[in-house]
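Structure data (CSV, C-alpha atoms) from structure_0.csv:
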```csv
chain,number,residue,atom,x,y,z
A,1081,MET,CA,5.1,19.1,-8.7
A,1082,ASN,CA,4.7,19.7,-5.0
A,1083,ILE,CA,2.9,16.6,-3.8
A,1084,LEU,CA,2.5,17.9,-0.2
A,1085,ASN,CA,0.7,21.0,-1.4
A,1086,LEU,CA,-1.6,18.9,-3.6
A,1087,ILE,CA,-2.8,17.0,-0.5
A,1088,GLY,CA,-3.2,20.2,1.5
A,1089,ARG,CA,-0.1,20.0,3.6
A,1090,ASN,CA,3.2,21.9,3.9
A,1091,GLN,CA,5.4,19.6,6.0
A,1092,LEU,CA,6.3,15.9,6.3
A,1093,LEU,CA,4.5,14.0,9.0
A,1094,PHE,CA,7.4,12.1,10.6
A,1095,ASN,CA,10.2,14.7,10.6
A,1096,GLN,CA,10.3,14.9,14.4
A,1097,ASP,CA,10.2,11.2,14.9
A,1098,ILE,CA,12.9,10.6,12.3
A,1099,SER,CA,15.1,13.3,13.9
A,1100,ASN,CA,14.6,12.0,17.4
A,1101,HIS,CA,15.6,8.5,16.4
A,1102,GLU,CA,18.0,9.1,13.5
A,1103,GLU,CA,21.2,8.2,15.4
A,1104,ILE,CA,20.1,4.7,16.5
A,1105,LEU,CA,18.2,4.2,13.2
A,1106,SER,CA,21.3,4.9,11.1
A,1107,GLU,CA,23.4,2.7,13.4
A,1108,LYS,CA,21.0,-0.2,13.1
A,1109,VAL,CA,20.7,0.1,9.3
A,1110,SER,CA,24.4,0.5,8.7
A,1111,SER,CA,25.2,-2.7,10.7
A,1112,SER,CA,22.4,-4.9,9.2
A,1113,ARG,CA,21.4,-6.9,6.1
A,1114,PHE,CA,18.1,-6.3,4.4
A,1115,LEU,CA,15.8,-8.1,1.9
A,1116,VAL,CA,13.0,-6.0,0.5
A,1117,ILE,CA,10.3,-8.0,-1.2
A,1118,GLY,CA,8.1,-6.1,-3.6
A,1119,GLY,CA,10.7,-3.4,-3.6
A,1120,ALA,CA,10.0,-1.9,-7.0
A,1121,GLY,CA,6.4,-0.8,-6.2
A,1122,SER,CA,5.8,2.7,-4.9
A,1123,ILE,CA,6.1,1.9,-1.2
A,1124,GLY,CA,8.8,-0.7,-1.8
A,1125,GLN,CA,10.9,1.9,-3.7
A,1126,ALA,CA,10.4,4.4,-0.9
A,1127,VAL,CA,11.5,1.9,1.7
A,1128,THR,CA,14.5,0.8,-0.3
A,1129,LYS,CA,15.7,4.4,-0.6
A,1130,GLU,CA,15.3,5.0,3.1
A,1131,ILE,CA,17.5,1.9,3.8
A,1132,PHE,CA,20.0,2.6,1.0
A,1133,LYS,CA,20.8,6.2,2.1
A,1134,ARG,CA,21.7,4.9,5.6
A,1135,ASN,CA,24.5,2.6,4.1
A,1136,PRO,CA,23.4,-1.0,5.0
A,1137,LEU,CA,25.8,-3.9,5.0
A,1138,LYS,CA,23.6,-5.7,2.5
A,1139,LEU,CA,20.4,-4.6,0.6
A,1140,HIS,CA,18.8,-7.1,-1.8
A,1141,VAL,CA,15.6,-6.1,-3.6
A,1142,VAL,CA,13.1,-8.5,-5.2
A,1143,ASP,CA,10.2,-7.6,-7.4
A,1144,ILE,CA,8.3,-9.2,-10.3
A,1145,SER,CA,8.5,-6.0,-12.4
A,1146,GLU,CA,11.9,-5.8,-14.1
A,1147,ASN,CA,10.9,-2.4,-15.6
A,1148,ASN,CA,10.2,-0.8,-12.2
A,1149,MET,CA,13.3,-2.4,-10.9
A,1150,VAL,CA,15.4,-0.7,-13.6
A,1151,GLU,CA,13.8,2.7,-12.7
A,1152,LEU,CA,14.5,2.0,-9.0
A,1153,VAL,CA,18.2,1.5,-9.7
A,1154,ARG,CA,18.4,4.6,-11.9
A,1155,ASP,CA,16.6,6.6,-9.2
A,1156,ILE,CA,19.0,5.5,-6.5
A,1157,ARG,CA,22.1,6.0,-8.6
A,1158,SER,CA,20.9,9.5,-9.6
A,1159,SER,CA,19.9,10.5,-6.0
A,1160,PHE,CA,22.4,8.8,-3.7
A,1161,GLY,CA,25.1,7.2,-5.8
A,1162,TYR,CA,26.8,4.1,-4.3
A,1163,ILE,CA,27.4,2.3,-1.0
A,1164,ALA,CA,30.1,0.0,0.1
A,1165,GLY,CA,27.5,-2.6,1.1
A,1166,ASP,CA,26.1,-5.4,-1.2
A,1167,PHE,CA,23.3,-3.8,-3.2
A,1168,GLN,CA,21.6,-6.1,-5.7
A,1169,THR,CA,18.2,-6.4,-7.4
A,1170,PHE,CA,16.5,-9.6,-8.6
A,1171,ALA,CA,13.5,-9.7,-11.0
A,1172,LEU,CA,11.7,-12.7,-9.3
A,1173,ASP,CA,8.1,-13.7,-8.5
A,1174,ILE,CA,8.1,-14.6,-4.8
A,1175,GLY,CA,5.6,-17.4,-5.5
A,1176,SER,CA,8.0,-19.1,-7.8
A,1177,LEU,CA,10.5,-22.0,-7.6
A,1178,GLU,CA,13.2,-19.5,-8.7
A,1179,TYR,CA,12.6,-17.3,-5.7
A,1180,ASP,CA,12.7,-20.4,-3.4
A,1181,ALA,CA,16.1,-21.3,-4.9
A,1182,PHE,CA,17.3,-17.8,-4.4
A,1183,ILE,CA,16.4,-17.8,-0.7
A,1184,GLU,CA,17.9,-21.3,-0.3
A,1185,ALA,CA,21.2,-20.2,-1.9
A,1186,ASP,CA,21.6,-17.1,0.3
A,1187,GLY,CA,18.8,-16.0,2.7
A,1188,ALA,CA,21.3,-14.4,5.2
A,1189,TYR,CA,19.4,-11.3,6.3
A,1190,ASP,CA,18.7,-9.6,9.6
A,1191,TYR,CA,15.5,-7.9,8.3
A,1192,VAL,CA,13.0,-9.0,5.7
A,1193,LEU,CA,10.5,-6.4,4.6
A,1194,ASN,CA,7.6,-7.6,2.5
A,1195,LEU,CA,5.8,-4.8,0.5
A,1196,SER,CA,4.3,-7.1,-2.2
A,1197,ALA,CA,0.5,-7.0,-2.4
A,1198,LEU,CA,-2.5,-6.8,-4.6
A,1199,LYS,CA,-3.7,-3.5,-3.2
A,1200,HIS,CA,-6.6,-2.4,-5.4
A,1201,VAL,CA,-10.2,-2.5,-4.4
A,1202,ARG,CA,-10.9,-3.3,-8.0
A,1203,SER,CA,-9.1,-6.7,-7.6
A,1204,GLU,CA,-12.3,-8.2,-6.2
A,1205,LYS,CA,-14.4,-7.7,-9.3
A,1206,ASP,CA,-13.8,-11.3,-10.5
A,1207,PRO,CA,-13.2,-14.7,-8.7
A,1208,PHE,CA,-9.9,-15.3,-10.5
A,1209,THR,CA,-8.1,-12.0,-9.6
A,1210,LEU,CA,-9.6,-12.4,-6.1
A,1211,MET,CA,-8.0,-15.8,-5.7
A,1212,ARG,CA,-4.7,-14.4,-6.8
A,1213,MET,CA,-5.1,-11.6,-4.2
A,1214,ILE,CA,-5.5,-14.2,-1.5
A,1215,GLN,CA,-2.4,-16.1,-2.7
A,1216,VAL,CA,-0.3,-12.9,-2.8
A,1217,ASN,CA,-1.6,-11.1,0.3
A,1218,VAL,CA,-2.0,-14.1,2.6
A,1219,PHE,CA,-0.1,-17.3,1.5
A,1220,ASN,CA,2.9,-15.7,-0.2
A,1221,THR,CA,3.4,-13.7,3.0
A,1222,ASP,CA,3.1,-16.8,5.2
A,1223,LYS,CA,5.6,-18.6,2.9
A,1224,THR,CA,8.2,-15.9,3.1
A,1225,ILE,CA,7.8,-15.7,6.9
A,1226,GLN,CA,8.5,-19.5,7.2
A,1227,GLN,CA,11.5,-19.1,5.0
A,1228,SER,CA,12.7,-16.2,7.2
A,1229,ILE,CA,12.3,-18.4,10.3
A,1230,LYS,CA,14.3,-21.2,8.7
A,1231,LYS,CA,17.1,-18.8,7.7
A,1232,GLY,CA,17.3,-17.2,11.2
A,1233,VAL,CA,16.1,-13.8,10.2
A,1234,LYS,CA,15.9,-11.5,13.2
A,1235,LYS,CA,12.8,-9.5,12.2
A,1236,TYR,CA,10.0,-9.7,9.6
A,1237,PHE,CA,8.0,-6.7,8.5
A,1238,CYS,CA,5.1,-6.6,6.1
A,1239,VAL,CA,2.7,-3.8,5.2
A,1240,SER,CA,-1.0,-4.0,6.0
A,1241,THR,CA,-3.6,-1.3,5.2
A,1242,ASP,CA,-5.9,1.1,7.0
A,1243,LYS,CA,-8.7,-0.9,5.2
A,1244,ALA,CA,-7.9,-3.9,7.4
A,1245,ALA,CA,-9.6,-2.0,10.3
A,1246,ASN,CA,-13.3,-2.9,10.2
A,1247,PRO,CA,-12.9,-4.0,6.5
A,1248,VAL,CA,-15.7,-3.5,4.0
A,1249,ASN,CA,-13.9,-4.7,0.9
A,1250,MET,CA,-12.1,-7.9,0.0
A,1251,MET,CA,-8.7,-6.3,-0.3
A,1252,GLY,CA,-8.9,-5.0,3.3
A,1253,ALA,CA,-10.3,-8.2,4.5
A,1254,SER,CA,-7.5,-10.2,2.9
A,1255,LYS,CA,-5.0,-8.0,4.8
A,1256,ARG,CA,-6.9,-8.5,8.0
A,1257,ILE,CA,-6.7,-12.3,7.5
A,1258,MET,CA,-3.0,-11.8,6.7
A,1259,GLU,CA,-2.6,-10.1,10.1
A,1260,MET,CA,-4.3,-13.2,11.7
A,1261,PHE,CA,-1.7,-15.4,10.0
A,1262,LEU,CA,1.1,-13.1,11.2
A,1263,MET,CA,-0.1,-13.7,14.8
A,1264,ARG,CA,0.5,-17.5,14.4
A,1265,ARG,CA,4.1,-17.0,13.2
A,1266,SER,CA,4.9,-14.3,15.8
A,1267,THR,CA,5.8,-17.1,18.3
A,1268,GLU,CA,8.7,-18.1,16.1
A,1269,ILE,CA,10.0,-14.7,14.8
A,1270,GLU,CA,9.5,-11.1,15.7
A,1271,ILE,CA,7.0,-9.5,13.4
A,1272,SER,CA,5.8,-5.9,13.0
A,1273,THR,CA,3.6,-4.2,10.4
A,1274,ALA,CA,2.0,-0.9,9.5
A,1275,ARG,CA,-1.4,0.4,8.5
A,1276,PHE,CA,-1.4,3.7,6.7
A,1277,ALA,CA,-3.3,5.9,4.3
A,1278,ASN,CA,-3.3,6.2,0.6
A,1279,VAL,CA,0.1,6.9,-0.8
A,1280,ALA,CA,-0.3,9.9,-3.1
A,1281,PHE,CA,0.7,9.2,-6.7
A,1282,SER,CA,1.7,5.6,-6.0
A,1283,ASP,CA,1.7,3.3,-9.1
A,1284,GLY,CA,-1.8,2.6,-10.3
A,1285,SER,CA,-3.5,5.0,-7.9
A,1286,LEU,CA,-6.1,7.5,-9.1
A,1287,LEU,CA,-3.6,10.3,-8.5
A,1288,HIS,CA,-0.9,8.6,-10.5
A,1289,GLY,CA,-3.6,8.3,-13.2
A,1290,PHE,CA,-3.8,12.1,-13.3
A,1291,ASN,CA,-0.2,12.2,-14.7
A,1292,GLN,CA,-1.2,9.7,-17.4
A,1293,ARG,CA,-4.3,11.7,-18.3
A,1294,ILE,CA,-2.3,14.9,-18.8
A,1295,GLN,CA,0.3,13.1,-20.9
A,1296,LYS,CA,-2.4,11.5,-23.1
A,1297,ARG,CA,-4.6,14.7,-23.2
A,1298,GLN,CA,-7.5,12.9,-21.6
A,1299,PRO,CA,-10.0,14.2,-19.0
A,1300,ILE,CA,-9.4,13.8,-15.3
A,1301,VAL,CA,-12.2,11.9,-13.4
A,1302,ALA,CA,-12.5,11.7,-9.7
A,1303,PRO,CA,-15.1,11.1,-7.0
A,1304,ASN,CA,-16.2,14.2,-5.1
A,1305,ASP,CA,-17.9,12.5,-2.2
A,1306,ILE,CA,-15.0,10.4,-0.8
A,1307,LYS,CA,-12.5,11.8,1.7
A,1308,ARG,CA,-9.2,10.1,2.3
A,1309,TYR,CA,-6.0,10.5,4.3
A,1310,PHE,CA,-2.9,10.7,2.2
A,1311,VAL,CA,0.8,10.2,2.8
A,1312,VAL,CA,3.6,11.0,0.3
A,1313,PRO,CA,6.0,8.2,-0.8
A,1314,GLN,CA,8.8,9.3,1.5
A,1315,GLU,CA,6.5,9.1,4.5
A,1316,SER,CA,5.4,5.6,3.5
A,1317,GLY,CA,9.0,4.5,3.4
A,1318,GLU,CA,9.8,6.2,6.8
A,1319,LEU,CA,6.8,4.6,8.4
A,1320,CYS,CA,7.7,1.1,7.2
A,1321,LEU,CA,11.3,1.4,8.3
A,1322,MET,CA,10.4,2.8,11.7
A,1323,SER,CA,8.0,-0.1,12.3
A,1324,CYS,CA,10.6,-2.6,11.0
A,1325,VAL,CA,13.5,-1.3,13.2
A,1326,PHE,CA,11.6,-0.1,16.3
A,1327,GLY,CA,8.4,-2.1,16.4
A,1328,GLU,CA,8.1,-4.8,19.1
A,1329,ASN,CA,6.7,-8.2,18.3
A,1330,ARG,CA,3.1,-8.0,17.0
A,1331,ASP,CA,3.1,-4.1,16.8
A,1332,ILE,CA,1.2,-2.3,14.1
A,1333,PHE,CA,2.4,1.2,13.4
A,1334,PHE,CA,0.1,3.9,12.0
A,1335,PRO,CA,0.2,7.7,11.4
A,1336,LYS,CA,-1.5,9.7,14.2
A,1337,LEU,CA,-4.5,11.8,13.1
A,1338,SER,CA,-3.8,15.5,13.5
A,1339,GLU,CA,-4.3,18.8,11.9
A,1340,THR,CA,-1.3,17.9,9.7
A,1341,LEU,CA,-2.9,14.7,8.4
A,1342,HIS,CA,-6.4,15.6,7.3
A,1343,LEU,CA,-9.1,14.3,5.1
A,1344,ILE,CA,-9.3,15.6,1.5
A,1345,THR,CA,-11.4,14.5,-1.5
A,1346,PHE,CA,-10.0,13.3,-4.7
A,1347,ALA,CA,-11.8,16.1,-6.5
A,1348,GLU,CA,-10.1,18.7,-4.3
A,1349,ILE,CA,-6.7,17.2,-5.1
A,1350,ALA,CA,-7.6,17.2,-8.8
A,1351,VAL,CA,-8.3,20.9,-8.7
A,1352,ASN,CA,-5.0,21.6,-6.8
A,1353,TYR,CA,-3.1,19.4,-9.3
A,1354,LEU,CA,-4.4,21.2,-12.3
A,1355,LYS,CA,-3.7,24.6,-10.8
A,1356,GLN,CA,-0.1,23.6,-10.2
A,1357,LEU,CA,0.1,22.9,-13.9
A,1358,GLY,CA,-1.5,26.2,-14.8
A,1359,TYR,CA,-4.9,24.9,-15.7
A,1360,GLU,CA,-8.4,25.7,-14.5
A,1361,PRO,CA,-10.8,22.8,-14.2
A,1362,TYR,CA,-13.6,22.7,-16.8
A,1363,ILE,CA,-16.4,20.8,-15.1
A,1364,SER,CA,-18.1,18.3,-17.5
A,1365,LEU,CA,-21.5,16.9,-16.9
A,1366,SER,CA,-20.9,13.5,-18.6
A,1367,GLU,CA,-18.2,11.2,-19.7
A,1368,GLU,CA,-18.9,11.9,-23.4
A,1369,GLU,CA,-18.7,15.7,-22.8
A,1370,ALA,CA,-15.4,15.2,-21.0
A,1371,ARG,CA,-14.0,12.9,-23.7
A,1372,GLN,CA,-14.9,15.4,-26.5
A,1373,PHE,CA,-13.5,18.5,-24.8
A,1374,PHE,CA,-10.4,18.9,-26.8
A,1375,ASN,CA,-12.4,18.4,-30.1
A,1376,THR,CA,-15.2,20.8,-29.3
A,1377,ASN,CA,-13.8,23.5,-27.0
A,1378,HIS,CA,-10.8,24.9,-28.9
A,1379,HIS,CA,-11.9,28.4,-27.9
A,1380,LEU,CA,-11.4,27.4,-24.2
A,1381,ALA,CA,-8.3,25.2,-24.6
A,1382,ASP,CA,-6.4,27.8,-26.6
A,1383,THR,CA,-7.1,31.0,-24.5
A,1384,ASN,CA,-4.5,32.5,-22.1
A,1385,ARG,CA,-6.6,31.0,-19.3
A,1386,LYS,CA,-6.0,27.3,-19.9
A,1387,TYR,CA,-8.7,24.7,-19.0
A,1388,TRP,CA,-8.7,21.0,-18.5
A,1389,PRO,CA,-11.8,18.8,-18.6
A,1390,CYS,CA,-12.9,17.2,-15.3
A,1391,LEU,CA,-15.7,14.9,-14.4
A,1392,PHE,CA,-16.4,14.8,-10.7
A,1393,THR,CA,-19.0,12.1,-9.7
A,1394,LYS,CA,-20.4,10.3,-6.6
A,1395,SER,CA,-19.0,6.9,-5.8
A,1396,ASP,CA,-21.2,3.9,-6.2
A,1397,THR,CA,-18.8,1.0,-6.7
A,1398,THR,CA,-18.3,-2.1,-4.6
A,1399,GLY,CA,-15.7,-1.9,-1.8
A,1400,GLU,CA,-15.6,1.8,-1.1
A,1401,LYS,CA,-15.5,2.7,2.6
A,1402,ASP,CA,-17.4,5.7,3.8
A,1403,PHE,CA,-14.6,6.7,6.1
A,1404,GLU,CA,-11.0,5.7,7.0
A,1405,GLU,CA,-9.6,4.4,10.3
A,1406,PHE,CA,-6.3,2.9,11.4
A,1407,PHE,CA,-7.5,1.0,14.4
A,1408,THR,CA,-10.7,-0.4,16.0
A,1409,ASP,CA,-12.2,0.2,19.4
A,1410,MET,CA,-11.0,-3.3,20.5
A,1411,GLU,CA,-7.3,-2.6,19.9
A,1412,ILE,CA,-4.9,-1.4,22.6
A,1413,LEU,CA,-2.9,1.7,21.6
A,1414,ASP,CA,0.4,3.3,22.6
A,1415,MET,CA,0.1,7.0,21.6
A,1416,GLU,CA,3.0,8.2,23.8
A,1417,ARG,CA,6.2,6.6,22.4
A,1418,PHE,CA,6.3,8.7,19.2
A,1419,GLU,CA,5.3,12.2,18.2
A,1420,ASN,CA,3.3,11.3,15.1
A,1421,LEU,CA,3.3,7.6,15.0
A,1422,GLY,CA,0.7,5.5,16.9
A,1423,VAL,CA,1.3,1.9,17.8
A,1424,ILE,CA,-1.3,-0.9,18.2
A,1425,LYS,CA,-0.1,-3.3,20.9
A,1426,ASN,CA,-1.4,-6.7,20.0
A,1427,LYS,CA,-1.5,-9.5,22.6
A,1428,LEU,CA,-0.9,-13.0,21.4
A,1429,ASN,CA,-4.2,-14.4,20.1
A,1430,ILE,CA,-3.9,-17.3,17.7
A,1431,GLU,CA,-7.2,-18.5,16.2
A,1432,LEU,CA,-5.7,-21.8,15.0
A,1433,ASP,CA,-9.0,-23.4,14.0
A,1434,LYS,CA,-9.9,-20.5,11.7
A,1435,LEU,CA,-6.5,-20.4,10.1
A,1436,THR,CA,-6.5,-24.1,9.4
A,1437,HIS,CA,-10.1,-24.0,8.0
A,1438,PHE,CA,-9.1,-21.1,5.7
A,1439,GLU,CA,-6.0,-22.8,4.5
A,1440,ASN,CA,-7.9,-26.1,3.7
A,1441,ALA,CA,-10.9,-24.3,2.1
A,1442,ILE,CA,-8.7,-22.3,-0.2
A,1443,LYS,CA,-6.6,-25.4,-1.0
A,1444,ASP,CA,-9.7,-27.4,-1.9
A,1445,LEU,CA,-11.0,-24.7,-4.2
A,1446,ARG,CA,-7.7,-24.4,-6.0
A,1447,ILE,CA,-7.4,-28.2,-6.4
A,1448,LYS,CA,-11.0,-28.3,-7.8
A,1449,GLY,CA,-9.9,-25.6,-10.3
A,1450,ALA,CA,-13.2,-23.7,-10.1
A,1451,TRP,CA,-14.7,-21.4,-7.5
A,1452,SER,CA,-17.2,-18.5,-7.3
A,1453,LYS,CA,-16.8,-15.1,-5.8
A,1454,GLN,CA,-19.6,-15.9,-3.4
A,1455,GLU,CA,-17.7,-18.9,-2.0
A,1456,ILE,CA,-14.8,-16.7,-1.2
A,1457,VAL,CA,-17.0,-13.9,0.2
A,1458,ASP,CA,-18.7,-16.5,2.5
A,1459,LEU,CA,-15.3,-17.8,3.6
A,1460,PHE,CA,-14.2,-14.2,4.5
A,1461,HIS,CA,-17.4,-13.7,6.5
A,1462,TRP,CA,-16.6,-16.9,8.4
A,1463,MET,CA,-13.1,-15.6,9.1
A,1464,ILE,CA,-14.2,-12.1,10.0
A,1465,PRO,CA,-17.8,-12.2,11.4
A,1466,GLU,CA,-18.0,-8.4,11.5
A,1467,PHE,CA,-16.9,-8.1,7.8
A,1468,GLY,CA,-19.1,-5.3,6.3
A,1469,HIS,CA,-18.9,-6.3,2.7
A,1470,LYS,CA,-21.5,-4.7,0.4
A,1471,GLU,CA,-22.0,-5.8,-3.2
A,1472,THR,CA,-23.3,-3.0,-5.4
A,1473,GLY,CA,-22.7,-4.8,-8.7
A,1474,LYS,CA,-20.6,-1.9,-9.9
A,1475,TYR,CA,-16.8,-1.9,-10.2
A,1476,LEU,CA,-14.2,0.7,-11.0
A,1477,ASP,CA,-13.3,-1.0,-14.3
A,1478,ALA,CA,-16.8,0.0,-15.6
A,1479,LYS,CA,-16.0,3.7,-15.1
A,1480,MET,CA,-13.8,6.1,-17.0
```
Can you turn what I pasted into C-alpha cells?
Amino acid sequence: MNILNLIGRNQLLFNQDISNHEEILSEKVSSSRFLVIGGAGSIGQAVTKEIFKRNPLKLHVVDISENNMVELVRDIRSSFGYIAGDFQTFALDIGSLEYDAFIEADGAYDYVLNLSALKHVRSEKDPFTLMRMIQVNVFNTDKTIQQSIKKGVKKYFCVSTDKAANPVNMMGASKRIMEMFLMRRSTEIEISTARFANVAFSDGSLLHGFNQRIQKRQPIVAPNDIKRYFVVPQESGELCLMSCVFGENRDIFFPKLSETLHLITFAEIAVNYLKQLGYEPYISLSEEEARQFFNTNHHLADTNRKYWPCLFTKSDTTGEKDFEEFFTDMEILDMERFENLGVIKNKLNIELDKLTHFENAIKDLRIKGAWSKQEIVDLFHWMIPEFGHKETGKYLDAKM
C-alpha cells in the first residue's frame, strides 16, 4: 500500500531538511539519552524509530498499551535490528504511581518526548471522557515536565495539534491550554512542540478504519465535504525529532503549506485506497444499503470488475473544523530557517491567573466527583475567549 499516493503525493515532505541537517542530527542523537512517552502510538512509534536508527546512547519507551509496545519492538527488530545503546520498553500509565517510581529510580535523560494524548474529536461527547482528556493532555503533560525539571533533563518536547490554532473543538482547545501550561514551565526547562496535520492511517483514524473495514468485509464510510492536510507516519516522526533537537525554547514547528502538502477529502482518499486494492467504489445512498451490499449484490461483487460499497456523506458532527491551519495571525513566524518546516517563535507570555484558575476549577470538579460538559465548556471559553466551539448535538459515535 503506497500511502503517499493515497493522499495525492509522490515524495516525503522533509527529505531536504533531513538531508541538510542529518550530520548534526545523527551526532546529537548518538550522543544522547531519550525517553519517549506514549511511544507505542502511531506518532510515538514513528518518533521512536527515527531515534533508534540513529543509535542513541539510551532509548526508553513508555506506553500504556502493552500490545502496541510488542508490535513496536517487533517492527524495530525486523527493520533495524539492534543498537549498542540501552533500549528498553515499559508498559506504564504515566498518570500512575508506578510511572512516578520508574522516573524516580532512573530519570537520567537528555531529551523527554511526550506523544501521549487523547486525540479524537469524539472524546468530547461525554463529560467523563472529556475530563480524562484534560487530565491526559494538560495535567499529565505538566506533571512529566516537572519531573523532567527535577531530574535535570536538557529538553522537553510534546506534540500539539493544528486544531490548537483557533480551536473549535474541545480536543484542540485542550491542546491550546496545554501550550499555555508549557509557557509557564519554559522558564525552567527548554520546551519545543509541533503542530501538524492528520497522520494518514494512524491508529484509530478514519483511514486506519479503512483497513479494518476491508478485513471485516464492511462498507467504507467517509465525509465528502471535509478537506484535510495529511502527513505519513515517517513525516510525523521526522517533524517531532527535528523540533525536539533543533527547536529553540518555546518554538512550535509545523509543515509549510506548499503544492506538495495539499488539501484532500476523505472520500477522495477512500477512492484512491480502493483502486490500489483493485476495487471500484460502489456508491451507496444509505447506511442500510451499504451494510447489505455483500448480501444483495453478488452479481457486482463477483464480476471481474470488483466493487466495494462506499457511503460518502456530509459532516454534521460536533467539533469538525471547516478548514485547517497551523498558526494564527497573532503568531510570529520564521519561514526561512528550514525548507519545508515553519517555526512559530513564541515570546514569553505567562497567564498565571488563568492557569491557576483552571487548575483549581478542575481540581474542585474532580473532588466533587460530578461535573457537566457545560461546566467544562464554560471553563474552556474562559481560558480561550475566542474559542469557537459549536454544539450540534451529533457525534461520530452515532454514525457508521
Selection: 8 Å around Asn1304 in chain A, all atoms listed in the file, excl. self and same-chain fewer than 3 positions, as a PyMOL selection string: chain A and resi 1345-1348+1392-1395
Interatomic distance, CA of Phe1406 in chain A to CA of Lys1243 in chain A (Å, one decimal): 7.7 Å
Residue neighbourhood range 1311-1321 of chain A, 10 Å, all atoms listed in the file, exclusion window fewer than 4 positions, as a ChimeraX atom specification: /A:1083-1084,1087,1089,1092-1095,1097-1098,1105,1109,1122-1131,1193-1195,1237-1239,1272-1282,1325-1327,1333-1335,1341,1421
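Shortest separation to Thr1221 in chain A among A:Glu1259, A:Asp1458, A:Glu1367, A:Glu1405 occurs at residue A:Glu1259, atoms counted being only C-alpha atoms.
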Coordinates-based distance that separates CA of Ala1350 in chain A from CA of Gly1468 in chain A (Å, one decimal):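 Distance between the two atoms: 29.4 Å.
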Non-local contacts of range 1448-1455 of chain A (9 Å; all atoms listed in the file; under 6 positions in same chain excluded) as a PyMOL selection string: chain A and resi 1204-1208+1210-1211
Point-to-point distance in Å for CA of Lys1386 in chain A and CA of Tyr1362 in chain A: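 Going from CA of Tyr1362 in chain A over to CA of Lys1386 in chain A covers 9.4 Å.
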Closest of A:Val1301, A:Leu1413, A:Val1142, A:Val1423 to Ile1363 in chain A - atom-to-atom distances counting only C-alpha atoms: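 Closest to Ile1363 in chain A of all the choices is A:Val1301.
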List as a PDB file with C-alpha atoms, keeping the file's coordinate frame the protein and nucleic acid residues near Arg1293 in chain A, meaning an atom at most 12 Å away when only C-alpha atoms are counted, but skip any in the same chain fewer than 6 places from it.
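The result, written out as part-v3.pdb:
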```
ATOM      1  CA  LEU A1286      -6.100   7.500  -9.100  1.00  0.00           C
ATOM      2  CA  LEU A1287      -3.600  10.300  -8.500  1.00  0.00           C
ATOM      3  CA  PRO A1299     -10.000  14.200 -19.000  1.00  0.00           C
ATOM      4  CA  ILE A1300      -9.400  13.800 -15.300  1.00  0.00           C
ATOM      5  CA  VAL A1301     -12.200  11.900 -13.400  1.00  0.00           C
ATOM      6  CA  ALA A1302     -12.500  11.700  -9.700  1.00  0.00           C
ATOM      7  CA  ALA A1350      -7.600  17.200  -8.800  1.00  0.00           C
ATOM      8  CA  TYR A1353      -3.100  19.400  -9.300  1.00  0.00           C
ATOM      9  CA  LEU A1354      -4.400  21.200 -12.300  1.00  0.00           C
ATOM     10  CA  ALA A1370     -15.400  15.200 -21.000  1.00  0.00           C
ATOM     11  CA  ARG A1371     -14.000  12.900 -23.700  1.00  0.00           C
ATOM     12  CA  TRP A1388      -8.700  21.000 -18.500  1.00  0.00           C
ATOM     13  CA  PRO A1389     -11.800  18.800 -18.600  1.00  0.00           C
ATOM     14  CA  CYS A1390     -12.900  17.200 -15.300  1.00  0.00           C
ATOM     15  CA  MET A1480     -13.800   6.100 -17.000  1.00  0.00           C
TER      16      MET A1480
END
```
Answer as a ChimeraX atom specification, residues within 9 Å of (-9.9, -11.5, 8.2) using all atoms listed in the file: /A:1244,1247,1252-1260,1460-1465,1467
Residue nearest Pro1136 in chain A - candidates A:Ile1163, A:Ile1156, A:Ala1120, A:Ile1294, atoms counted: all atoms listed in the file: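 Distance minimum relative to Pro1136 in chain A lands on A:Ile1163.
Minimum atom-to-atom distances from A:Asn1090, A:Phe1310, A:Asn1100, A:Asp1444 to Phe1418 in chain A were compared using all atoms listed in the file, and the lowest value belongs to A:Asn1100.
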